[in-house]
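*Asks:* The structure file run_39.cif (mmCIF, C-alpha atoms) is provided below.
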```cif
data_run
loop_
_atom_site.group_PDB
_atom_site.id
_atom_site.type_symbol
_atom_site.label_atom_id
_atom_site.label_comp_id
_atom_site.auth_asym_id
_atom_site.auth_seq_id
_atom_site.Cartn_x
_atom_site.Cartn_y
_atom_site.Cartn_z
ATOM 1 C CA MET A 1 16.809 13.702 7.336
ATOM 2 C CA SER A 2 16.760 11.145 4.543
ATOM 3 C CA ARG A 3 14.909 11.887 1.323
ATOM 4 C CA THR A 4 12.619 8.967 2.131
ATOM 5 C CA ALA A 5 11.675 10.539 5.465
ATOM 6 C CA GLU A 6 10.987 13.861 3.750
ATOM 7 C CA GLU A 7 8.658 12.190 1.262
ATOM 8 C CA ILE A 8 6.828 10.305 4.000
ATOM 9 C CA ALA A 9 6.040 13.609 5.714
ATOM 10 C CA THR A 10 4.301 15.032 2.622
ATOM 11 C CA GLN A 11 1.558 12.399 2.483
ATOM 12 C CA PRO A 12 -1.317 14.312 4.132
ATOM 13 C CA GLU A 13 -1.246 17.015 1.460
ATOM 14 C CA CYS A 14 -0.725 14.441 -1.308
ATOM 15 C CA TRP A 15 -3.910 12.668 -0.215
ATOM 16 C CA ARG A 16 -5.888 15.895 -0.177
ATOM 17 C CA ARG A 17 -4.736 16.638 -3.697
ATOM 18 C CA ALA A 18 -5.636 13.103 -4.756
ATOM 19 C CA ALA A 19 -9.171 13.555 -3.445
ATOM 20 C CA ARG A 20 -9.530 16.776 -5.438
ATOM 21 C CA ALA A 21 -8.151 15.157 -8.598
ATOM 22 C CA ALA A 22 -10.542 12.209 -8.272
ATOM 23 C CA VAL A 23 -13.544 14.502 -8.714
ATOM 24 C CA ASP A 24 -12.747 15.163 -12.390
ATOM 25 C CA PHE A 25 -11.214 11.818 -13.386
ATOM 26 C CA ASP A 26 -13.319 9.798 -15.827
ATOM 27 C CA GLY A 27 -11.341 6.553 -15.847
ATOM 28 C CA PHE A 28 -12.536 4.930 -12.627
ATOM 29 C CA PRO A 29 -14.346 1.596 -12.853
ATOM 30 C CA ARG A 30 -18.101 2.031 -13.120
ATOM 31 C CA PRO A 31 -20.391 0.558 -10.448
ATOM 32 C CA GLY A 32 -21.340 -2.957 -11.458
ATOM 33 C CA GLU A 33 -18.276 -3.592 -13.602
ATOM 34 C CA ARG A 34 -16.235 -6.730 -12.939
ATOM 35 C CA VAL A 35 -12.750 -5.362 -12.321
ATOM 36 C CA ALA A 36 -9.210 -6.636 -11.835
ATOM 37 C CA VAL A 37 -6.488 -4.514 -10.266
ATOM 38 C CA THR A 38 -2.816 -5.248 -10.795
ATOM 39 C CA GLY A 39 0.702 -4.114 -10.008
ATOM 40 C CA CYS A 40 4.054 -5.340 -8.730
ATOM 41 C CA GLY A 41 5.458 -5.202 -5.210
ATOM 42 C CA THR A 42 3.990 -2.279 -3.294
ATOM 43 C CA SER A 43 1.570 -1.515 -6.144
ATOM 44 C CA TRP A 44 0.180 -5.050 -5.896
ATOM 45 C CA PHE A 45 -0.485 -4.582 -2.191
ATOM 46 C CA MET A 46 -2.309 -1.301 -2.911
ATOM 47 C CA ALA A 47 -4.303 -3.220 -5.531
ATOM 48 C CA ILE A 48 -5.318 -5.765 -2.876
ATOM 49 C CA ALA A 49 -6.483 -2.952 -0.592
ATOM 50 C CA TYR A 50 -8.468 -1.201 -3.335
ATOM 51 C CA ALA A 51 -10.120 -4.414 -4.486
ATOM 52 C CA ALA A 52 -11.451 -5.028 -0.976
ATOM 53 C CA LEU A 53 -12.569 -1.398 -0.615
ATOM 54 C CA ARG A 54 -14.453 -1.490 -3.920
ATOM 55 C CA GLU A 55 -16.305 -4.640 -2.943
ATOM 56 C CA ALA A 56 -17.062 -3.156 0.495
ATOM 57 C CA ALA A 57 -18.563 -0.161 -1.307
ATOM 58 C CA GLY A 58 -20.892 -2.522 -3.159
ATOM 59 C CA GLN A 59 -19.574 -1.496 -6.559
ATOM 60 C CA GLY A 60 -18.868 -4.917 -7.986
ATOM 61 C CA GLU A 61 -16.662 -7.973 -7.961
ATOM 62 C CA THR A 62 -13.016 -6.898 -7.813
ATOM 63 C CA ASP A 63 -9.916 -9.086 -7.902
ATOM 64 C CA ALA A 64 -6.252 -8.201 -7.400
ATOM 65 C CA PHE A 65 -3.248 -9.909 -8.958
ATOM 66 C CA ALA A 66 0.481 -9.486 -9.218
ATOM 67 C CA SER A 67 0.998 -8.554 -12.867
ATOM 68 C CA SER A 68 3.174 -11.609 -13.492
ATOM 69 C CA GLU A 69 0.351 -13.867 -12.274
ATOM 70 C CA PHE A 70 -2.582 -12.176 -14.009
ATOM 71 C CA PRO A 71 -5.114 -14.661 -15.479
ATOM 72 C CA VAL A 72 -5.291 -13.171 -18.964
ATOM 73 C CA GLY A 73 -7.996 -15.574 -20.101
ATOM 74 C CA ARG A 74 -10.440 -14.474 -17.396
ATOM 75 C CA ALA A 75 -13.176 -12.009 -18.403
ATOM 76 C CA TYR A 76 -13.198 -8.537 -16.842
ATOM 77 C CA ASP A 77 -14.970 -5.312 -17.749
ATOM 78 C CA ARG A 78 -11.931 -3.217 -16.813
ATOM 79 C CA VAL A 79 -8.366 -3.675 -15.604
ATOM 80 C CA VAL A 80 -6.678 -1.094 -13.381
ATOM 81 C CA ALA A 81 -2.860 -1.082 -13.242
ATOM 82 C CA ILE A 82 -0.722 0.763 -10.699
ATOM 83 C CA THR A 83 2.872 1.570 -11.687
ATOM 84 C CA ARG A 84 4.821 4.411 -10.121
ATOM 85 C CA SER A 85 7.609 4.382 -12.697
ATOM 86 C CA GLY A 86 5.502 3.557 -15.748
ATOM 87 C CA THR A 87 8.330 1.270 -16.867
ATOM 88 C CA THR A 88 7.825 -1.986 -14.926
ATOM 89 C CA THR A 89 8.189 -4.817 -17.397
ATOM 90 C CA GLU A 90 5.446 -7.123 -16.117
ATOM 91 C CA VAL A 91 2.880 -4.319 -16.038
ATOM 92 C CA LEU A 92 3.693 -3.089 -19.541
ATOM 93 C CA GLU A 93 3.637 -6.590 -21.004
ATOM 94 C CA LEU A 94 0.259 -7.275 -19.406
ATOM 95 C CA LEU A 95 -1.265 -4.032 -20.698
ATOM 96 C CA GLU A 96 0.057 -4.801 -24.176
ATOM 97 C CA ARG A 97 -1.608 -8.228 -24.092
ATOM 98 C CA LEU A 98 -4.907 -6.748 -22.938
ATOM 99 C CA LYS A 99 -4.941 -3.882 -25.424
ATOM 100 C CA GLY A 100 -8.065 -3.950 -27.580
ATOM 101 C CA SER A 101 -9.738 -6.707 -25.564
ATOM 102 C CA VAL A 102 -10.606 -4.951 -22.289
ATOM 103 C CA PRO A 103 -10.530 -1.264 -21.226
ATOM 104 C CA THR A 104 -7.494 -0.462 -19.076
ATOM 105 C CA THR A 105 -6.762 2.334 -16.650
ATOM 106 C CA ALA A 106 -3.280 3.023 -15.301
ATOM 107 C CA LEU A 107 -2.063 5.114 -12.388
ATOM 108 C CA THR A 108 1.484 6.409 -12.684
ATOM 109 C CA ALA A 109 3.766 9.157 -11.411
ATOM 110 C CA ASP A 110 5.604 9.867 -14.674
ATOM 111 C CA PRO A 111 3.839 11.018 -17.863
ATOM 112 C CA LYS A 112 6.960 10.475 -19.966
ATOM 113 C CA THR A 113 7.023 6.680 -19.721
ATOM 114 C CA PRO A 114 5.759 3.787 -21.887
ATOM 115 C CA VAL A 115 2.621 3.184 -19.810
ATOM 116 C CA MET A 116 1.088 6.279 -21.390
ATOM 117 C CA ALA A 117 0.924 4.479 -24.740
ATOM 118 C CA VAL A 118 -0.279 1.050 -23.628
ATOM 119 C CA ALA A 119 -3.123 1.963 -21.239
ATOM 120 C CA ASP A 120 -6.420 3.320 -22.562
ATOM 121 C CA THR A 121 -6.769 5.870 -19.749
ATOM 122 C CA VAL A 122 -4.027 7.169 -17.454
ATOM 123 C CA ALA A 123 -4.175 9.087 -14.188
ATOM 124 C CA VAL A 124 -0.876 10.921 -13.702
ATOM 125 C CA LEU A 125 -0.214 11.545 -10.012
ATOM 126 C CA ASP A 126 3.063 13.329 -10.659
ATOM 127 C CA TRP A 127 2.849 15.464 -7.526
ATOM 128 C CA ALA A 128 3.311 12.230 -5.540
ATOM 129 C CA ASP A 129 6.352 11.013 -7.484
ATOM 130 C CA GLU A 130 9.410 10.088 -5.446
ATOM 131 C CA GLU A 131 13.166 10.130 -5.669
ATOM 132 C CA SER A 132 13.306 7.230 -3.223
ATOM 133 C CA VAL A 133 13.685 3.654 -4.345
ATOM 134 C CA VAL A 134 11.344 2.552 -1.547
ATOM 135 C CA GLN A 135 7.761 3.578 -2.308
ATOM 136 C CA THR A 136 5.861 5.506 0.329
ATOM 137 C CA ARG A 137 3.840 8.531 -0.746
ATOM 138 C CA PHE A 138 3.049 7.428 -4.309
ATOM 139 C CA ALA A 139 1.588 4.145 -3.091
ATOM 140 C CA THR A 140 -0.637 5.715 -0.447
ATOM 141 C CA THR A 141 -1.623 8.576 -2.764
ATOM 142 C CA ALA A 142 -2.640 6.113 -5.488
ATOM 143 C CA LEU A 143 -4.807 4.275 -2.974
ATOM 144 C CA ALA A 144 -6.245 7.547 -1.663
ATOM 145 C CA PHE A 145 -7.101 8.548 -5.261
ATOM 146 C CA LEU A 146 -8.837 5.226 -5.980
ATOM 147 C CA ARG A 147 -10.555 5.329 -2.613
ATOM 148 C CA ALA A 148 -11.875 8.835 -3.260
ATOM 149 C CA GLY A 149 -13.235 7.620 -6.586
ATOM 150 C CA LEU A 150 -15.451 5.124 -4.755
ATOM 151 C CA GLY A 151 -17.339 7.784 -2.852
ATOM 152 C CA GLU A 152 -18.796 6.618 0.438
ATOM 153 C CA VAL A 153 -17.547 3.251 1.727
ATOM 154 C CA PRO A 154 -19.324 1.853 4.806
ATOM 155 C CA GLY A 155 -17.091 1.988 7.864
ATOM 156 C CA VAL A 156 -14.292 3.838 6.038
ATOM 157 C CA LYS A 157 -13.481 7.510 6.544
ATOM 158 C CA PRO A 158 -13.488 9.985 3.657
ATOM 159 C CA VAL A 159 -9.989 10.718 2.362
ATOM 160 C CA ALA A 160 -10.114 14.228 3.830
ATOM 161 C CA GLU A 161 -10.543 12.772 7.316
ATOM 162 C CA ALA A 162 -7.803 10.226 6.686
ATOM 163 C CA ALA A 163 -5.472 13.126 5.851
ATOM 164 C CA VAL A 164 -6.207 14.667 9.252
ATOM 165 C CA ASP A 165 -5.193 11.416 10.942
ATOM 166 C CA ALA A 166 -2.101 11.355 8.731
ATOM 167 C CA GLU A 167 -1.013 14.742 10.103
ATOM 168 C CA LEU A 168 -0.687 13.118 13.516
ATOM 169 C CA ALA A 169 0.976 10.001 12.119
ATOM 170 C CA VAL A 170 3.825 11.972 10.551
ATOM 171 C CA THR A 171 4.653 13.836 13.757
ATOM 172 C CA GLU A 172 3.941 11.841 16.907
ATOM 173 C CA PRO A 173 6.890 9.922 18.399
ATOM 174 C CA LEU A 174 7.104 6.192 17.804
ATOM 175 C CA ALA A 175 6.804 4.129 20.985
ATOM 176 C CA ASP A 176 10.120 2.828 22.315
ATOM 177 C CA PRO A 177 8.975 -0.833 22.615
ATOM 178 C CA VAL A 178 8.016 -0.767 18.939
ATOM 179 C CA VAL A 179 11.310 0.763 17.788
ATOM 180 C CA SER A 180 13.443 -1.562 19.908
ATOM 181 C CA ALA A 181 11.623 -4.801 19.059
ATOM 182 C CA GLU A 182 13.421 -7.638 17.291
ATOM 183 C CA GLN A 183 10.479 -8.853 15.181
ATOM 184 C CA TRP A 184 7.222 -7.390 13.824
ATOM 185 C CA THR A 185 4.072 -9.142 12.558
ATOM 186 C CA PHE A 186 1.545 -6.972 10.690
ATOM 187 C CA LEU A 187 -2.134 -7.918 10.602
ATOM 188 C CA GLY A 188 -5.244 -6.634 8.836
ATOM 189 C CA ARG A 189 -8.773 -7.554 7.789
ATOM 190 C CA GLY A 190 -10.531 -6.713 4.537
ATOM 191 C CA TRP A 191 -8.806 -3.812 2.812
ATOM 192 C CA THR A 192 -6.298 -3.381 5.634
ATOM 193 C CA TYR A 193 -4.732 -6.762 4.887
ATOM 194 C CA GLY A 194 -3.105 -5.090 1.868
ATOM 195 C CA LEU A 195 -1.717 -2.445 4.222
ATOM 196 C CA ALA A 196 -0.305 -5.144 6.499
ATOM 197 C CA LEU A 197 1.485 -6.731 3.549
ATOM 198 C CA GLU A 198 2.874 -3.341 2.564
ATOM 199 C CA ALA A 199 4.076 -2.541 6.091
ATOM 200 C CA GLY A 200 6.023 -5.778 6.190
ATOM 201 C CA LEU A 201 7.550 -5.063 2.794
ATOM 202 C CA LYS A 202 8.646 -1.564 3.855
ATOM 203 C CA MET A 203 10.437 -2.953 6.881
ATOM 204 C CA ARG A 204 12.231 -5.580 4.815
ATOM 205 C CA GLU A 205 13.158 -3.179 2.008
ATOM 206 C CA ALA A 206 14.449 -0.281 4.082
ATOM 207 C CA ALA A 207 15.898 -2.069 7.104
ATOM 208 C CA GLY A 208 16.282 -5.760 6.281
ATOM 209 C CA ALA A 209 13.983 -6.409 9.236
ATOM 210 C CA TRP A 210 12.346 -9.687 10.242
ATOM 211 C CA THR A 211 8.686 -9.062 9.475
ATOM 212 C CA GLU A 212 5.650 -11.115 8.561
ATOM 213 C CA ALA A 213 2.079 -10.230 7.528
ATOM 214 C CA TYR A 214 -1.194 -12.161 7.768
ATOM 215 C CA PRO A 215 -4.965 -11.729 7.778
ATOM 216 C CA ALA A 216 -5.756 -10.841 11.370
ATOM 217 C CA MET A 217 -8.054 -13.788 11.987
ATOM 218 C CA GLU A 218 -5.452 -16.202 10.609
ATOM 219 C CA TYR A 219 -2.832 -15.004 13.083
ATOM 220 C CA ARG A 220 -3.959 -17.431 15.780
ATOM 221 C CA HIS A 221 -3.843 -20.344 13.329
ATOM 222 C CA GLY A 222 -0.078 -20.690 13.587
ATOM 223 C CA PRO A 223 1.663 -17.318 13.135
ATOM 224 C CA ILE A 224 1.160 -16.385 16.796
ATOM 225 C CA ALA A 225 3.886 -18.938 17.503
ATOM 226 C CA ILE A 226 6.463 -16.329 16.419
ATOM 227 C CA THR A 227 5.248 -13.738 18.941
ATOM 228 C CA GLY A 228 6.860 -13.321 22.360
ATOM 229 C CA PRO A 229 8.782 -10.844 24.490
ATOM 230 C CA ASN A 230 10.364 -8.025 22.468
ATOM 231 C CA ARG A 231 8.212 -8.891 19.462
ATOM 232 C CA VAL A 232 5.335 -6.845 18.050
ATOM 233 C CA ALA A 233 1.915 -7.730 16.644
ATOM 234 C CA TRP A 234 0.673 -4.635 14.785
ATOM 235 C CA VAL A 235 -2.994 -4.550 13.745
ATOM 236 C CA PHE A 236 -4.294 -2.139 11.104
ATOM 237 C CA GLY A 237 -7.855 -1.118 11.926
ATOM 238 C CA ALA A 238 -10.127 -2.833 14.425
ATOM 239 C CA VAL A 239 -8.576 -5.492 16.649
ATOM 240 C CA PRO A 240 -10.477 -8.796 16.482
ATOM 241 C CA GLU A 241 -12.085 -9.839 19.741
ATOM 242 C CA GLY A 242 -9.712 -11.736 21.994
ATOM 243 C CA LEU A 243 -6.602 -11.049 19.949
ATOM 244 C CA ALA A 244 -5.156 -8.467 22.354
ATOM 245 C CA ALA A 245 -5.398 -10.953 25.230
ATOM 246 C CA ASP A 246 -3.773 -13.651 23.120
ATOM 247 C CA VAL A 247 -0.825 -11.402 22.255
ATOM 248 C CA ALA A 248 -0.412 -10.380 25.884
ATOM 249 C CA GLY A 249 -0.626 -14.030 26.943
ATOM 250 C CA VAL A 250 2.498 -14.920 24.970
ATOM 251 C CA GLY A 251 4.388 -11.812 26.111
ATOM 252 C CA GLY A 252 4.101 -9.842 22.859
ATOM 253 C CA GLN A 253 3.533 -6.128 22.328
ATOM 254 C CA LEU A 254 0.245 -5.207 20.624
ATOM 255 C CA VAL A 255 0.165 -2.076 18.449
ATOM 256 C CA ALA A 256 -3.150 -0.748 17.136
ATOM 257 C CA ASP A 257 -4.956 2.505 16.415
ATOM 258 C CA PRO A 258 -8.578 1.351 16.069
ATOM 259 C CA THR A 259 -10.045 4.874 15.871
ATOM 260 C CA GLY A 260 -7.547 6.334 13.401
ATOM 261 C CA ASP A 261 -7.535 5.694 9.691
ATOM 262 C CA PRO A 262 -5.558 2.536 8.815
ATOM 263 C CA LEU A 263 -3.874 4.241 5.851
ATOM 264 C CA ALA A 264 -2.560 6.883 8.247
ATOM 265 C CA ASP A 265 -1.337 4.106 10.524
ATOM 266 C CA LEU A 266 0.706 2.784 7.593
ATOM 267 C CA ILE A 267 2.677 6.036 7.756
ATOM 268 C CA ARG A 268 3.865 5.032 11.221
ATOM 269 C CA ALA A 269 5.145 1.748 9.837
ATOM 270 C CA GLN A 270 6.952 3.649 7.066
ATOM 271 C CA ARG A 271 8.579 5.904 9.661
ATOM 272 C CA LEU A 272 9.534 2.870 11.746
ATOM 273 C CA ALA A 273 11.227 1.322 8.712
ATOM 274 C CA VAL A 274 13.329 4.460 8.198
ATOM 275 C CA ALA A 275 14.187 4.756 11.900
ATOM 276 C CA LEU A 276 15.201 1.114 12.080
ATOM 277 C CA ALA A 277 17.315 1.374 8.927
ATOM 278 C CA GLU A 278 19.188 4.354 10.324
ATOM 279 C CA SER A 279 19.731 2.664 13.685
ATOM 280 C CA ARG A 280 21.309 -0.286 11.851
ATOM 281 C CA GLY A 281 23.590 1.899 9.782
ATOM 282 C CA PHE A 282 21.630 1.452 6.538
ATOM 283 C CA ASP A 283 20.758 4.227 4.112
ATOM 284 C CA PRO A 284 16.962 4.150 3.559
ATOM 285 C CA ASP A 285 17.428 6.124 0.335
ATOM 286 C CA ARG A 286 19.653 3.371 -1.082
ATOM 287 C CA PRO A 287 18.210 0.022 0.051
ATOM 288 C CA ARG A 288 20.195 -3.127 -0.532
ATOM 289 C CA ASN A 289 19.581 -5.163 -3.690
ATOM 290 C CA LEU A 290 16.825 -2.865 -5.005
ATOM 291 C CA SER A 291 16.302 -0.474 -7.904
ATOM 292 C CA ARG A 292 13.527 2.077 -8.418
ATOM 293 C CA SER A 293 11.902 0.062 -11.193
ATOM 294 C CA VAL A 294 12.264 -3.565 -12.235
ATOM 295 C CA ILE A 295 12.990 -3.678 -15.976
ATOM 296 C CA LEU A 296 13.596 -7.210 -17.208
ATOM 297 C CA PRO A 297 15.828 -8.009 -20.182
#
```
What do you get writing this file as structure tokens?

*Replies:*
Amino acid sequence: MSRTAEEIATQPECWRRAARAAVDFDGFPRPGERVAVTGCGTSWFMAIAYAALREAAGQGETDAFASSEFPVGRAYDRVVAITRSGTTTEVLELLERLKGSVPTTALTADPKTPVMAVADTVAVLDWADEESVVQTRFATTALAFLRAGLGEVPGVKPVAEAAVDAELAVTEPLADPVVSAEQWTFLGRGWTYGLALEAGLKMREAAGAWTEAYPAMEYRHGPIAITGPNRVAWVFGAVPEGLAADVAGVGGQLVADPTGDPLADLIRAQRLAVALAESRGFDPDRPRNLSRSVILP
């Protein structure tokens, strides 16, 4: 088993620990604050998911930006940054620019990195750190931690229940038509759109796979043209009315788990990425063209 696969399997317990840690953390955005969430790559996609969750919880306007595209001149009450390594150049430069002008909170896996000095408050989720280049458990644990900090979110399970669904997601076999497909399109609505983006990224990073990701309701406005026999449309969360029939009508394979937690469903996409990489002779622990952290000269 690859190290990446081993780390994927630990996510249920990581989420439970994140929920416990959230109880005593004092750096979460306060209800009513105008908040921006930022990160790079996978962390940006988790930021997109959290921003939608926070607004769904009625806690205030929340935007998400890639750190390199952050609108520094825009007024926020707090900025939340997600950085597994604590060394990503764009994140550190942004936090340096914001220092003294807006309160900042960072989530990281390593307390011995520069982010500790540039953020006002830091949540260290070191139990979810990874050896893998490809992020899996840190990303989902960071989102579980932020999600737990919101309390009750209408229509969204508590993190403890999500962890139960995750136990099944790490063990049940992946369906053969999904594993053997030639193309995958990931779809989501609201906070699960961030998960769809992340699923596509995992497949590209680990396996060099042909994947795309869209808001679920936008899928029929063009992207459905890519779907056909031996191609998958994977929906995180509830399937919009009529979409299943549309996918079937063009010969595609629909994948959805509308009763399970969408974050747990992301684990299945992570496992698919590893399985596909191995079937193609790639090493998921050493993905092509990637390093664990992007540090710019």

*Asks:* Using only C-alpha atoms, find each residue in range 3-72 of chain A having at least one atom no more than 10 Å away from range 196-215 of chain A; report its shortest atom-to-atom pair and that distance in Å (one decimal), rows by chain then rising number, as JSON lines.

*Replies:*
```
{"residue": "A:Thr4", "atom": "CA", "partner": "A:Ala206", "partner_atom": "CA", "distance": 9.6}
{"residue": "A:Gly41", "atom": "CA", "partner": "A:Leu201", "partner_atom": "CA", "distance": 8.3}
{"residue": "A:Thr42", "atom": "CA", "partner": "A:Glu198", "partner_atom": "CA", "distance": 6.1}
{"residue": "A:Ser43", "atom": "CA", "partner": "A:Glu198", "partner_atom": "CA", "distance": 9.0}
{"residue": "A:Trp44", "atom": "CA", "partner": "A:Glu198", "partner_atom": "CA", "distance": 9.0}
{"residue": "A:Phe45", "atom": "CA", "partner": "A:Glu198", "partner_atom": "CA", "distance": 6.0}
{"residue": "A:Met46", "atom": "CA", "partner": "A:Glu198", "partner_atom": "CA", "distance": 7.8}
{"residue": "A:Ile48", "atom": "CA", "partner": "A:Leu197", "partner_atom": "CA", "distance": 9.4}
{"residue": "A:Ala49", "atom": "CA", "partner": "A:Ala196", "partner_atom": "CA", "distance": 9.7}
```

*Asks:* By how many Å are CA of Ala123 in chain A and CA of Leu107 in chain A apart?

*Replies:* 4.8 Å

*Asks:* I need the residue set behind the PyMOL selection byres ((chain A and resi 124) around 7) for this file; please write it as a compact mmCIF listing (two decimals) with C-alpha atoms, in the coordinates of the input.

*Replies:*
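Written out: out-v7.txt:
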```txt
# COMPACT_ATOMS: atom_id res chain seq x y z
CA LEU A 107 -2.06 5.11 -12.39
CA THR A 108 1.48 6.41 -12.68
CA ALA A 109 3.77 9.16 -11.41
CA ASP A 110 5.60 9.87 -14.67
CA PRO A 111 3.84 11.02 -17.86
CA VAL A 122 -4.03 7.17 -17.45
CA ALA A 123 -4.18 9.09 -14.19
CA LEU A 125 -0.21 11.54 -10.01
CA ASP A 126 3.06 13.33 -10.66
```

*Asks:* Can you list, as an MDAnalysis selection string, the residues that the PyMOL selection byres ((chain A and resi 86-89) around 10) selects here?

*Replies:* chainID A and resid 39:40 67:68 81:85 90:94 106:116 124 292:297

*Asks:* From the options A:Ala264, A:Ala238, A:Val179, A:Val118, which residue's atoms come nearest to Val164 in chain A, counting all atoms listed in the file?

*Replies:*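 Of A:Ala264, A:Ala238, A:Val179, A:Val118, the one nearest Val164 in chain A is A:Ala264, counting all atoms listed in the file.
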
*Asks:* I need the output of the PyMOL selection byres ((chain A and resi 18) around 10) for this file as a ChimeraX atom specification; which residues are they?

*Replies:* /A:12-17,19-23,125,127-128,140-149,159-160

*Asks:* Take the residues just selected and output them with C-alpha atoms as a short mmCIF file (atom, residue, chain, number, x, y, z; two decimals), in the frame of the given file.

*Replies:*
```cif
data_model
loop_
_atom_site.label_atom_id
_atom_site.label_comp_id
_atom_site.auth_asym_id
_atom_site.auth_seq_id
_atom_site.Cartn_x
_atom_site.Cartn_y
_atom_site.Cartn_z
CA PRO A 12 -1.32 14.31 4.13
CA GLU A 13 -1.25 17.02 1.46
CA CYS A 14 -0.72 14.44 -1.31
CA TRP A 15 -3.91 12.67 -0.22
CA ARG A 16 -5.89 15.90 -0.18
CA ARG A 17 -4.74 16.64 -3.70
CA ALA A 19 -9.17 13.56 -3.44
CA ARG A 20 -9.53 16.78 -5.44
CA ALA A 21 -8.15 15.16 -8.60
CA ALA A 22 -10.54 12.21 -8.27
CA VAL A 23 -13.54 14.50 -8.71
CA LEU A 125 -0.21 11.54 -10.01
CA TRP A 127 2.85 15.46 -7.53
CA ALA A 128 3.31 12.23 -5.54
CA THR A 140 -0.64 5.72 -0.45
CA THR A 141 -1.62 8.58 -2.76
CA ALA A 142 -2.64 6.11 -5.49
CA LEU A 143 -4.81 4.28 -2.97
CA ALA A 144 -6.24 7.55 -1.66
CA PHE A 145 -7.10 8.55 -5.26
CA LEU A 146 -8.84 5.23 -5.98
CA ARG A 147 -10.56 5.33 -2.61
CA ALA A 148 -11.88 8.84 -3.26
CA GLY A 149 -13.24 7.62 -6.59
CA VAL A 159 -9.99 10.72 2.36
CA ALA A 160 -10.11 14.23 3.83
#
```

*Asks:* Pick from A:Leu174, A:Leu276, A:Leu195, A:Ala216: nearest to Val247 in chain A, with only C-alpha atoms counted?

*Replies:*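 Checking each of A:Leu174, A:Leu276, A:Leu195, A:Ala216 against Val247 in chain A, counting only C-alpha atoms, the winner is A:Ala216.
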
*Asks:* Measuring between only C-alpha atoms, which one of A:Glu55, A:Ala9, A:Pro258, A:Thr105 shows the shortest distance to Asp26 in chain A?

*Replies:*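 Closest residue, counting only C-alpha atoms: A:Thr105.
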
*Asks:* Quick one: everything within 12 Å of Pro284 in chain A, counting only C-alpha atoms, minus sequence neighbours fewer than 4 positions away in the same chain. Send it as a PyMOL selection string.

*Replies:* chain A and resi 1-8+131-136+202-208+270-280+288+290

*Asks:* For the atom pair CA of Phe65 in chain A and CA of Ala51 in chain A, what is the interatomic distance in Å to one decimal place?

*Replies:*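 Atom-to-atom, CA of Phe65 in chain A to CA of Ala51 in chain A, that is 9.9 Å.
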
*Asks:* Extract, using all atoms listed in the file, all DNA, RNA and protein residues at most 10 Å from Gln253 in chain A, discarding same-chain residues fewer than 3 positions from it, and format them as a ChimeraX atom specification.

*Replies:* /A:177-178,181,184,227-234,244,247-248,250

*Asks:* If you measure from CA of Arg34 in chain A to CA of Glu218 in chain A, what distance in Å do you get, rounded to one decimal?

*Replies:* 27.6 Å

*Asks:* When you look at Pro71 in chain A with a cut-off of 12 Å (counting all atoms listed in the file), what residues show up, excluding the ones that are within fewer than 3 positions of it in the same chain? I need them as a list in words.

*Replies:*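 In the requested format, the answer is Ala36, Val37, Thr38, Asp63, Ala64, Phe65, Ala66, Ser67, Ser68, Arg74, Ala75, Tyr76, Val79, Leu94, Arg97 and Leu98 of chain A.
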
*Asks:* Quick one: write out the picked residues with C-alpha atoms as a CSV table (one decimal), in the coordinates of the input?

*Replies:*
```
chain,number,residue,atom,x,y,z
A,36,ALA,CA,-9.2,-6.6,-11.8
A,37,VAL,CA,-6.5,-4.5,-10.3
A,38,THR,CA,-2.8,-5.2,-10.8
A,63,ASP,CA,-9.9,-9.1,-7.9
A,64,ALA,CA,-6.3,-8.2,-7.4
A,65,PHE,CA,-3.2,-9.9,-9.0
A,66,ALA,CA,0.5,-9.5,-9.2
A,67,SER,CA,1.0,-8.6,-12.9
A,68,SER,CA,3.2,-11.6,-13.5
A,74,ARG,CA,-10.4,-14.5,-17.4
A,75,ALA,CA,-13.2,-12.0,-18.4
A,76,TYR,CA,-13.2,-8.5,-16.8
A,79,VAL,CA,-8.4,-3.7,-15.6
A,94,LEU,CA,0.3,-7.3,-19.4
A,97,ARG,CA,-1.6,-8.2,-24.1
A,98,LEU,CA,-4.9,-6.7,-22.9
```

*Asks:* Draw an axis-aligned box tight on the listed atoms of range 112-131 of chain A, then pad every side by 8 Å and write out centre and edge lengths in Å to one decimal as AutoDock Vina command-line options.

*Replies:*
```
--center_x 3.2 --center_y 8.3 --center_z -15.1 --size_x 35.9 --size_y 30.4 --size_z 35.3
```

*Asks:* How would you write as a PDB file with C-alpha atoms, in the coordinates of the input the residues that get within 7 Å of (-5.1, 6.9, 11.6) in the file's frame, counting all atoms listed in the file?

*Replies:*
```
ATOM      1  CA  ALA A 162      -7.803  10.226   6.686  1.00  0.00           C
ATOM      2  CA  ASP A 165      -5.193  11.416  10.942  1.00  0.00           C
ATOM      3  CA  ALA A 166      -2.101  11.355   8.731  1.00  0.00           C
ATOM      4  CA  ALA A 169       0.976  10.001  12.119  1.00  0.00           C
ATOM      5  CA  ASP A 257      -4.956   2.505  16.415  1.00  0.00           C
ATOM      6  CA  THR A 259     -10.045   4.874  15.871  1.00  0.00           C
ATOM      7  CA  GLY A 260      -7.547   6.334  13.401  1.00  0.00           C
ATOM      8  CA  ASP A 261      -7.535   5.694   9.691  1.00  0.00           C
ATOM      9  CA  PRO A 262      -5.558   2.536   8.815  1.00  0.00           C
ATOM     10  CA  LEU A 263      -3.874   4.241   5.851  1.00  0.00           C
ATOM     11  CA  ALA A 264      -2.560   6.883   8.247  1.00  0.00           C
ATOM     12  CA  ASP A 265      -1.337   4.106  10.524  1.00  0.00           C
TER      13      ASP A 265
END
```

*Asks:* Ranking A:Ala47, A:Ala52, A:Val153, A:Leu168 by minimum distance to Ala139 in chain A and counting all atoms listed in the file, which one comes first?

*Replies:*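 Ranking A:Ala47, A:Ala52, A:Val153, A:Leu168 by distance to Ala139 in chain A, first place goes to A:Ala47.
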